[in-house]
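Structure file model-v1.csv with CSV, C-alpha atoms and all ligand atoms:
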```csv
chain,number,residue,atom,x,y,z
A,1,MET,CA,29.8,-5.0,-120.9
A,2,THR,CA,27.7,-5.6,-124.0
A,3,PHE,CA,28.3,-7.5,-127.2
A,4,GLU,CA,29.6,-5.8,-130.4
A,5,ARG,CA,27.0,-7.5,-132.5
A,6,SER,CA,23.4,-8.7,-131.9
A,7,PHE,CA,22.3,-12.3,-132.4
A,8,ARG,CA,19.3,-13.8,-134.2
A,9,SER,CA,19.6,-17.5,-133.6
A,10,ILE,CA,20.8,-19.0,-130.3
A,11,VAL,CA,21.6,-22.5,-129.4
A,12,ILE,CA,22.4,-23.4,-125.7
A,13,LEU,CA,23.8,-26.7,-124.5
A,14,THR,CA,23.6,-27.5,-120.9
A,15,GLY,CA,25.1,-30.3,-118.7
A,16,ALA,CA,25.0,-31.4,-115.1
A,17,GLY,CA,26.7,-28.3,-113.8
A,18,ILE,CA,23.6,-26.2,-114.3
A,19,SER,CA,21.7,-28.4,-111.9
A,20,ALA,CA,24.5,-28.8,-109.4
A,21,GLU,CA,23.3,-25.9,-107.2
A,22,SER,CA,19.8,-27.5,-107.2
A,23,GLY,CA,21.3,-30.4,-105.3
A,24,LEU,CA,21.7,-32.9,-108.2
A,25,GLY,CA,25.1,-34.4,-108.3
A,26,THR,CA,27.3,-34.0,-111.4
A,27,PHE,CA,29.1,-37.0,-112.9
A,28,ARG,CA,32.8,-36.3,-113.0
A,29,ASP,CA,33.4,-33.7,-110.3
A,30,ARG,CA,35.2,-34.9,-107.1
A,31,ASP,CA,31.9,-36.1,-105.5
A,32,GLY,CA,30.4,-37.0,-108.9
A,33,LEU,CA,28.1,-40.0,-109.5
A,34,TRP,CA,30.7,-41.8,-111.6
A,35,THR,CA,33.1,-41.7,-108.6
A,36,LYS,CA,30.5,-43.6,-106.5
A,37,TYR,CA,29.0,-45.9,-109.2
A,38,ASP,CA,30.5,-48.0,-112.0
A,39,LEU,CA,29.0,-46.5,-115.1
A,40,SER,CA,29.5,-49.7,-117.0
A,41,GLU,CA,27.1,-51.4,-114.4
A,42,VAL,CA,24.4,-48.8,-114.2
A,43,ALA,CA,24.5,-46.8,-117.5
A,44,THR,CA,25.0,-49.3,-120.3
A,45,PRO,CA,22.7,-51.8,-122.0
A,46,GLU,CA,25.1,-54.6,-121.1
A,47,GLY,CA,24.9,-53.6,-117.4
A,48,PHE,CA,21.1,-53.6,-117.5
A,49,ALA,CA,21.1,-57.0,-119.1
A,50,ARG,CA,23.5,-58.3,-116.4
A,51,ASN,CA,21.7,-56.8,-113.3
A,52,PRO,CA,18.4,-55.0,-114.0
A,53,VAL,CA,17.6,-54.7,-110.3
A,54,LEU,CA,20.8,-52.7,-109.6
A,55,VAL,CA,20.0,-50.4,-112.5
A,56,HIS,CA,16.4,-49.9,-111.4
A,57,ASP,CA,17.7,-49.1,-107.8
A,58,PHE,CA,20.1,-46.6,-109.2
A,59,TYR,CA,17.5,-44.7,-111.3
A,60,ASN,CA,14.8,-45.0,-108.5
A,61,ALA,CA,17.2,-43.2,-106.2
A,62,ARG,CA,17.9,-40.5,-108.8
A,63,ARG,CA,14.1,-40.1,-109.4
A,64,ARG,CA,13.5,-39.5,-105.7
A,65,ASN,CA,16.4,-37.1,-105.5
A,66,LEU,CA,15.0,-35.1,-108.5
A,67,LEU,CA,11.5,-34.8,-107.1
A,68,GLU,CA,13.0,-33.0,-104.0
A,69,ALA,CA,15.1,-30.6,-106.2
A,70,GLN,CA,14.0,-27.2,-107.5
A,71,PRO,CA,15.1,-25.2,-110.5
A,72,ASN,CA,17.7,-22.6,-109.7
A,73,ALA,CA,18.5,-19.0,-110.9
A,74,ALA,CA,20.4,-20.4,-114.0
A,75,HIS,CA,17.4,-22.5,-115.2
A,76,ALA,CA,15.2,-19.4,-114.6
A,77,ALA,CA,17.5,-17.1,-116.6
A,78,LEU,CA,17.4,-19.4,-119.6
A,79,ALA,CA,13.6,-19.7,-119.4
A,80,ALA,CA,13.4,-15.9,-119.3
A,81,LEU,CA,15.8,-15.6,-122.3
A,82,GLU,CA,13.6,-17.9,-124.3
A,83,ARG,CA,10.4,-16.1,-123.3
A,84,GLN,CA,11.7,-12.6,-124.1
A,85,TRP,CA,14.0,-13.3,-127.0
A,86,GLY,CA,12.7,-12.3,-130.5
A,87,GLY,CA,14.8,-14.7,-132.6
A,88,ASP,CA,15.3,-18.4,-133.0
A,89,PHE,CA,16.1,-20.3,-129.8
A,90,LEU,CA,16.9,-23.9,-129.0
A,91,LEU,CA,18.0,-25.3,-125.6
A,92,VAL,CA,19.7,-28.7,-125.9
A,93,THR,CA,20.3,-30.5,-122.6
A,94,GLN,CA,22.3,-33.5,-121.8
A,95,ASN,CA,20.5,-33.6,-118.4
A,96,VAL,CA,17.8,-36.1,-117.8
A,97,ASP,CA,16.3,-34.0,-115.0
A,98,ASP,CA,13.2,-31.8,-115.7
A,99,LEU,CA,14.4,-28.6,-114.0
A,100,HIS,CA,14.6,-26.7,-117.3
A,101,GLU,CA,10.9,-27.4,-118.0
A,102,ARG,CA,9.9,-26.7,-114.4
A,103,ALA,CA,11.6,-23.3,-114.8
A,104,GLY,CA,9.5,-22.6,-117.9
A,105,SER,CA,11.7,-23.6,-120.9
A,106,GLN,CA,9.8,-24.9,-123.9
A,107,ARG,CA,12.0,-25.1,-126.9
A,108,LEU,CA,14.0,-27.8,-125.3
A,109,LEU,CA,15.5,-31.2,-126.4
A,110,HIS,CA,16.6,-33.8,-124.0
A,111,MET,CA,19.4,-35.5,-126.0
A,112,HIS,CA,20.1,-38.1,-123.3
A,113,GLY,CA,16.5,-38.8,-122.5
A,114,GLU,CA,14.4,-38.1,-119.4
A,115,LEU,CA,14.6,-39.5,-115.9
A,116,LEU,CA,10.8,-39.1,-115.3
A,117,LYS,CA,9.9,-41.3,-118.2
A,118,ILE,CA,10.2,-45.0,-118.9
A,119,ARG,CA,10.2,-46.9,-122.1
A,120,CYS,CA,8.9,-50.4,-123.0
A,121,GLU,CA,11.5,-52.5,-124.9
A,122,HIS,CA,8.7,-54.7,-126.2
A,123,CYS,CA,6.3,-52.1,-127.8
A,124,GLY,CA,8.5,-48.9,-127.6
A,125,HIS,CA,5.8,-46.9,-125.8
A,126,VAL,CA,7.2,-44.0,-123.6
A,127,THR,CA,5.3,-43.3,-120.4
A,128,ALA,CA,5.6,-40.5,-117.8
A,129,TRP,CA,6.9,-42.2,-114.6
A,130,PRO,CA,7.7,-40.2,-111.5
A,131,GLY,CA,7.8,-43.2,-109.1
A,132,ASP,CA,9.9,-46.3,-108.6
A,133,LEU,CA,10.2,-48.9,-111.3
A,134,ASP,CA,10.8,-52.6,-110.7
A,135,LEU,CA,10.9,-55.8,-112.7
A,136,ALA,CA,7.3,-56.7,-111.9
A,137,THR,CA,5.9,-53.5,-113.4
A,138,ALA,CA,3.8,-54.1,-116.5
A,139,CYS,CA,3.9,-51.7,-119.5
A,140,PRO,CA,0.8,-49.4,-119.3
A,141,ALA,CA,0.5,-49.7,-123.1
A,142,CYS,CA,1.0,-53.4,-124.0
A,143,GLY,CA,0.8,-55.0,-120.6
A,144,ASN,CA,4.1,-56.8,-121.0
A,145,ALA,CA,6.0,-57.2,-117.7
A,146,GLY,CA,9.8,-57.0,-117.3
A,147,SER,CA,10.3,-55.0,-120.5
A,148,LEU,CA,10.4,-51.5,-119.0
A,149,ARG,CA,13.6,-49.5,-118.7
A,150,PRO,CA,14.4,-45.9,-117.9
A,151,HIS,CA,14.0,-43.6,-120.9
A,152,VAL,CA,17.6,-42.4,-120.7
A,153,VAL,CA,20.4,-42.8,-123.3
A,154,TRP,CA,23.1,-45.1,-122.0
A,155,PHE,CA,26.7,-45.3,-123.1
A,156,GLY,CA,26.9,-47.1,-126.4
A,157,GLU,CA,23.4,-45.9,-127.4
A,158,MET,CA,22.4,-43.2,-129.9
A,159,PRO,CA,21.5,-39.8,-128.4
A,160,LEU,CA,18.1,-38.4,-129.4
A,161,TYR,CA,17.1,-35.6,-131.8
A,162,MET,CA,20.5,-35.4,-133.5
A,163,GLU,CA,19.3,-34.3,-136.9
A,164,GLU,CA,17.4,-31.4,-135.4
A,165,ILE,CA,20.3,-30.4,-133.2
A,166,TYR,CA,22.9,-30.4,-136.0
A,167,ASP,CA,20.6,-28.3,-138.2
A,168,ALA,CA,20.4,-25.8,-135.4
A,169,LEU,CA,24.1,-25.8,-134.7
A,170,GLN,CA,24.9,-25.1,-138.3
A,171,SER,CA,22.5,-22.1,-138.6
A,172,CYS,CA,22.9,-20.4,-135.2
A,173,ASP,CA,25.0,-17.3,-134.7
A,174,LEU,CA,25.5,-17.7,-130.9
A,175,PHE,CA,26.3,-21.1,-129.2
A,176,VAL,CA,26.6,-21.2,-125.5
A,177,SER,CA,27.8,-24.3,-123.5
A,178,ILE,CA,26.9,-24.3,-119.8
A,179,GLY,CA,28.0,-26.7,-117.0
A,180,THR,CA,29.4,-29.5,-119.0
A,181,SER,CA,32.9,-31.1,-118.8
A,182,GLY,CA,33.1,-31.6,-122.5
A,183,GLN,CA,34.1,-35.3,-122.0
A,184,VAL,CA,31.1,-37.0,-123.6
A,185,TYR,CA,30.5,-37.1,-127.4
A,186,PRO,CA,28.6,-36.1,-129.4
A,187,ALA,CA,27.8,-33.0,-127.2
A,188,ALA,CA,31.5,-32.4,-126.7
A,189,GLY,CA,31.9,-32.0,-130.4
A,190,PHE,CA,29.1,-29.4,-130.9
A,191,VAL,CA,31.5,-26.4,-130.5
A,192,ALA,CA,33.7,-27.8,-133.3
A,193,GLU,CA,30.6,-28.3,-135.5
A,194,VAL,CA,29.5,-24.7,-134.8
A,195,ARG,CA,33.0,-23.4,-135.7
A,196,ARG,CA,33.0,-25.4,-138.9
A,197,ALA,CA,29.9,-23.5,-140.0
A,198,GLY,CA,31.9,-20.4,-139.3
A,199,ARG,CA,29.3,-17.8,-138.4
A,200,ALA,CA,28.6,-18.1,-134.7
A,201,HIS,CA,30.1,-16.6,-131.6
A,202,THR,CA,30.9,-19.4,-129.1
A,203,VAL,CA,30.8,-19.0,-125.3
A,204,GLU,CA,31.6,-21.4,-122.4
A,205,LEU,CA,30.0,-20.8,-119.0
A,206,ASN,CA,31.3,-23.3,-116.4
A,207,LEU,CA,32.8,-23.7,-113.0
A,208,ASP,CA,36.1,-24.8,-114.4
A,209,PRO,CA,37.5,-24.9,-118.0
A,210,SER,CA,36.1,-27.9,-119.9
A,211,ASP,CA,38.1,-30.3,-122.0
A,212,GLY,CA,37.3,-28.3,-125.1
A,213,HIS,CA,37.6,-24.8,-123.5
A,214,SER,CA,40.2,-23.5,-126.0
A,215,LEU,CA,37.7,-23.9,-128.8
A,216,PHE,CA,35.4,-21.2,-127.4
A,217,ALA,CA,35.9,-17.6,-128.3
A,218,GLU,CA,34.7,-16.4,-124.9
A,219,ARG,CA,34.9,-18.2,-121.5
A,220,LEU,CA,33.4,-17.2,-118.2
A,221,TYR,CA,34.0,-19.3,-115.0
A,222,GLY,CA,32.0,-19.4,-111.8
A,223,PRO,CA,28.8,-21.0,-110.3
A,224,ALA,CA,26.0,-21.3,-112.9
A,225,THR,CA,23.5,-19.4,-110.6
A,226,GLU,CA,25.8,-16.3,-110.9
A,227,ILE,CA,27.3,-16.4,-114.3
A,228,VAL,CA,24.2,-17.5,-116.3
A,229,PRO,CA,21.9,-14.7,-115.1
A,230,GLU,CA,24.7,-12.2,-115.7
A,231,PHE,CA,25.3,-13.5,-119.2
A,232,VAL,CA,21.6,-13.4,-120.0
A,233,ALA,CA,21.3,-9.8,-118.7
A,234,ARG,CA,24.2,-8.9,-121.0
A,235,LEU,CA,22.5,-10.4,-124.0
A,236,PHE,CA,19.3,-8.4,-123.3
A,237,ALA,CA,21.4,-5.2,-122.9
A,238,SER,CA,22.8,-5.8,-126.4
A,239,ALA,CA,19.6,-6.8,-128.2
A,301,LIG,N1,28.1,-24.2,-111.9
A,301,LIG,C1,28.6,-24.4,-113.2
A,301,LIG,N2,29.3,-25.4,-113.5
A,301,LIG,C2,29.4,-26.4,-112.6
A,301,LIG,C3,28.9,-26.3,-111.3
A,301,LIG,C4,28.2,-25.1,-111.0
A,301,LIG,N3,27.7,-24.9,-109.8
A,301,LIG,N4,29.3,-27.4,-110.6
A,301,LIG,C5,30.0,-28.2,-111.5
A,301,LIG,N5,30.1,-27.6,-112.7
A,301,LIG,C6,30.7,-28.1,-113.9
A,301,LIG,C7,32.0,-28.8,-113.6
A,301,LIG,O1,33.1,-28.0,-113.6
A,301,LIG,C8,32.1,-29.8,-114.9
A,301,LIG,O2,32.8,-29.2,-115.9
A,301,LIG,O3,29.9,-28.9,-114.5
A,301,LIG,C9,30.6,-29.9,-115.3
A,301,LIG,C10,30.0,-31.3,-115.0
A,301,LIG,O4,30.6,-32.2,-115.8
A,301,LIG,P1,30.1,-33.7,-115.9
A,301,LIG,O5,29.9,-34.2,-114.5
A,301,LIG,O6,31.0,-34.5,-116.7
A,301,LIG,O7,28.6,-33.6,-116.5
A,301,LIG,P2,28.2,-33.6,-118.0
A,301,LIG,O8,29.2,-32.8,-118.8
A,301,LIG,O9,26.8,-33.1,-118.1
A,301,LIG,O10,28.2,-35.1,-118.4
A,301,LIG,C11,27.8,-35.4,-119.8
A,301,LIG,O11,27.9,-37.7,-119.1
A,301,LIG,O12,27.5,-39.6,-117.9
A,301,LIG,C12,27.1,-38.8,-118.8
A,301,LIG,O13,24.9,-38.9,-119.6
A,301,LIG,C13,25.7,-38.3,-118.6
A,301,LIG,O14,24.7,-36.3,-119.6
A,301,LIG,C14,25.8,-36.8,-118.9
A,301,LIG,C15,27.1,-36.7,-119.7
```

Once more with this new file: its structure as structure tokens, please.
Ligand code: APR
Amino acid sequence: MTFERSFRSIVILTGAGISAESGLGTFRDRDGLWTKYDLSEVATPEGFARNPVLVHDFYNARRRNLLEAQPNAAHAALAALERQWGGDFLLVTQNVDDLHERAGSQRLLHMHGELLKIRCEHCGHVTAWPGDLDLATACPACGNAGSLRPHVVWFGEMPLYMEEIYDALQSCDLFVSIGTSGQVYPAAGFVAEVRRAGRAHTVELNLDPSDGHSLFAERLYGPATEIVPEFVARLFASA
């Protein structure tokens, strides 16, 4: 099956579901991270102020897990789409893992930050950091100790790159949401934003219908490693 129209400007949103088959846990599925950890303890500025050791332990474990994981066929299909697509392309991810870039994606915005980076709350410097972080680590830029935190966006904090993302949402003619439950704003509101602009085809690719599934014009359900490569092949066939 091909599309009845061709597209010039694509925005793709991804969530934890695209990395699930690489062995990274999602958040809200039956075995998800938020069924095992209290998110108010490990993913809020207040939780970090109360117990920074607990928060560092949580992100250290996630960093180790990420370093063992590999990109899967869905990440690879999106990287191939970007490489071979003639028009505008933007990949917006809620994921803090680096599997999209390891698969080859380049026009990519991490709206919830990056697990393999840390930020100094004293000087604001962001540093690549693949290893463990603890309270004694000094900032490589200003030398201050105890002021480093994961470069991830916690609940109650402002996601990154929002202006750029909203500009792209308003001008795209294809919006595809992949592997996200649609429970966390502002990303959950992107499809409504695209619909307001009124010109884009909207597609949801997910294992199960998301909270906002009825807002999408087209919905395909199955494991990301199957449905994302199939969808990308269909796009190429219509181009
Ligand atoms: N293929 C495709 N989709 C999958 C797969 C898979 N193999 N496995 C799970 N999913 C889907 C689930 O059906 C679910 O709808 O992925 C979605 C994951 O949802 P969440 O766990 O809520 O993850 P996400 O939507 O990315 O969470 C958003 O919440 O806690 C925060 O900051 C965190 O960025 C995250 C945000």

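Distance annotation: of A:Asp29, A:Glu218, A:Glu121, A:Asp167, the residue with the minimal separation from ligand LIG 301 (chain A) is A:Asp29; atom set is only C-alpha atoms and all ligand atoms.
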
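Restricting the calculation to all atoms listed in the file, the smallest distance between A:Met111 and any of A:Gly131, A:Gly198, A:Pro186, A:Pro223 is found for A:Pro186.
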
Compile the contact shell of A:Ala80 as a list in words: residues with an atom at most 9 Å away, counting all atoms listed in the file, same-chain residues fewer than 6 positions apart removed.
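Answer for this query is Ala103, Gly104, Ser105 and Val232 of chain A.
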
How many Å separate atom CA of A:Arg50 from atom C8 of ligand LIG 301 (chain A)?
29.8 Å

Let me see if you get this right: every residue at most 8 Å from ligand LIG 301 (chain A), counting all atoms listed in the file, written as a VMD selection string.
chain A and resid 14 to 21 25 to 29 32 to 34 39 43 93 to 96 112 153 to 155 178 to 184 187 205 to 210 221 to 225

Env of A:Asn60: 12 Å cut, atoms = all atoms listed in the file, seq-sep filter 2 positions within chain, self excluded. Answer as JSON, numbers by chain.
{"A": [42, 52, 53, 54, 55, 56, 57, 58, 62, 63, 64, 65, 66, 67, 115, 116, 117, 118, 129, 130, 131, 132, 133, 134, 149, 150]}

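Checking A:Pro45, A:Pro159, A:Gly23, A:Gly212 one by one against A:Val92, counting all atoms listed in the file, you find the shortest gap at A:Pro159.
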
Choose the residue, out of A:Tyr161, A:Cys120, A:Gln170, A:Asn72, that has the smallest atom-to-atom separation from A:Ala138; count all atoms listed in the file.
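For A:Ala138, the nearest of the given residues is A:Cys120.
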
Computed interatomic separation between atom CA of A:His110 and atom CA of A:Asn51 (Å)
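Computing the Euclidean distance for atom CA of A:His110 and atom CA of A:Asn51 yields 25.9 Å.
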
Surrounding residues of stretch 8-13 of chain A excluding itself and chain neighbours under 3 positions, 10 Å, only C-alpha atoms, as a ChimeraX atom specification:
/A:78,82,85-95,108-109,111,165,168-180,187-188,190-191,194,200-204,239

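The gap separating atom CA of A:Gly156 from atom CA of A:Thr44 is 6.8 Å, in Å to one decimal.
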
Close residues, A:Cys142 itself excluded, 12 Å, all atoms listed in the file, min 3 positions apart in chain, as a list in words
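Selected residues are Arg119, Cys120, Glu121, His122, Cys123, Gly124, His125, Val126, Thr127, Thr137, Ala138, Cys139, Ala145, Gly146, Ser147 and Leu148 of chain A.
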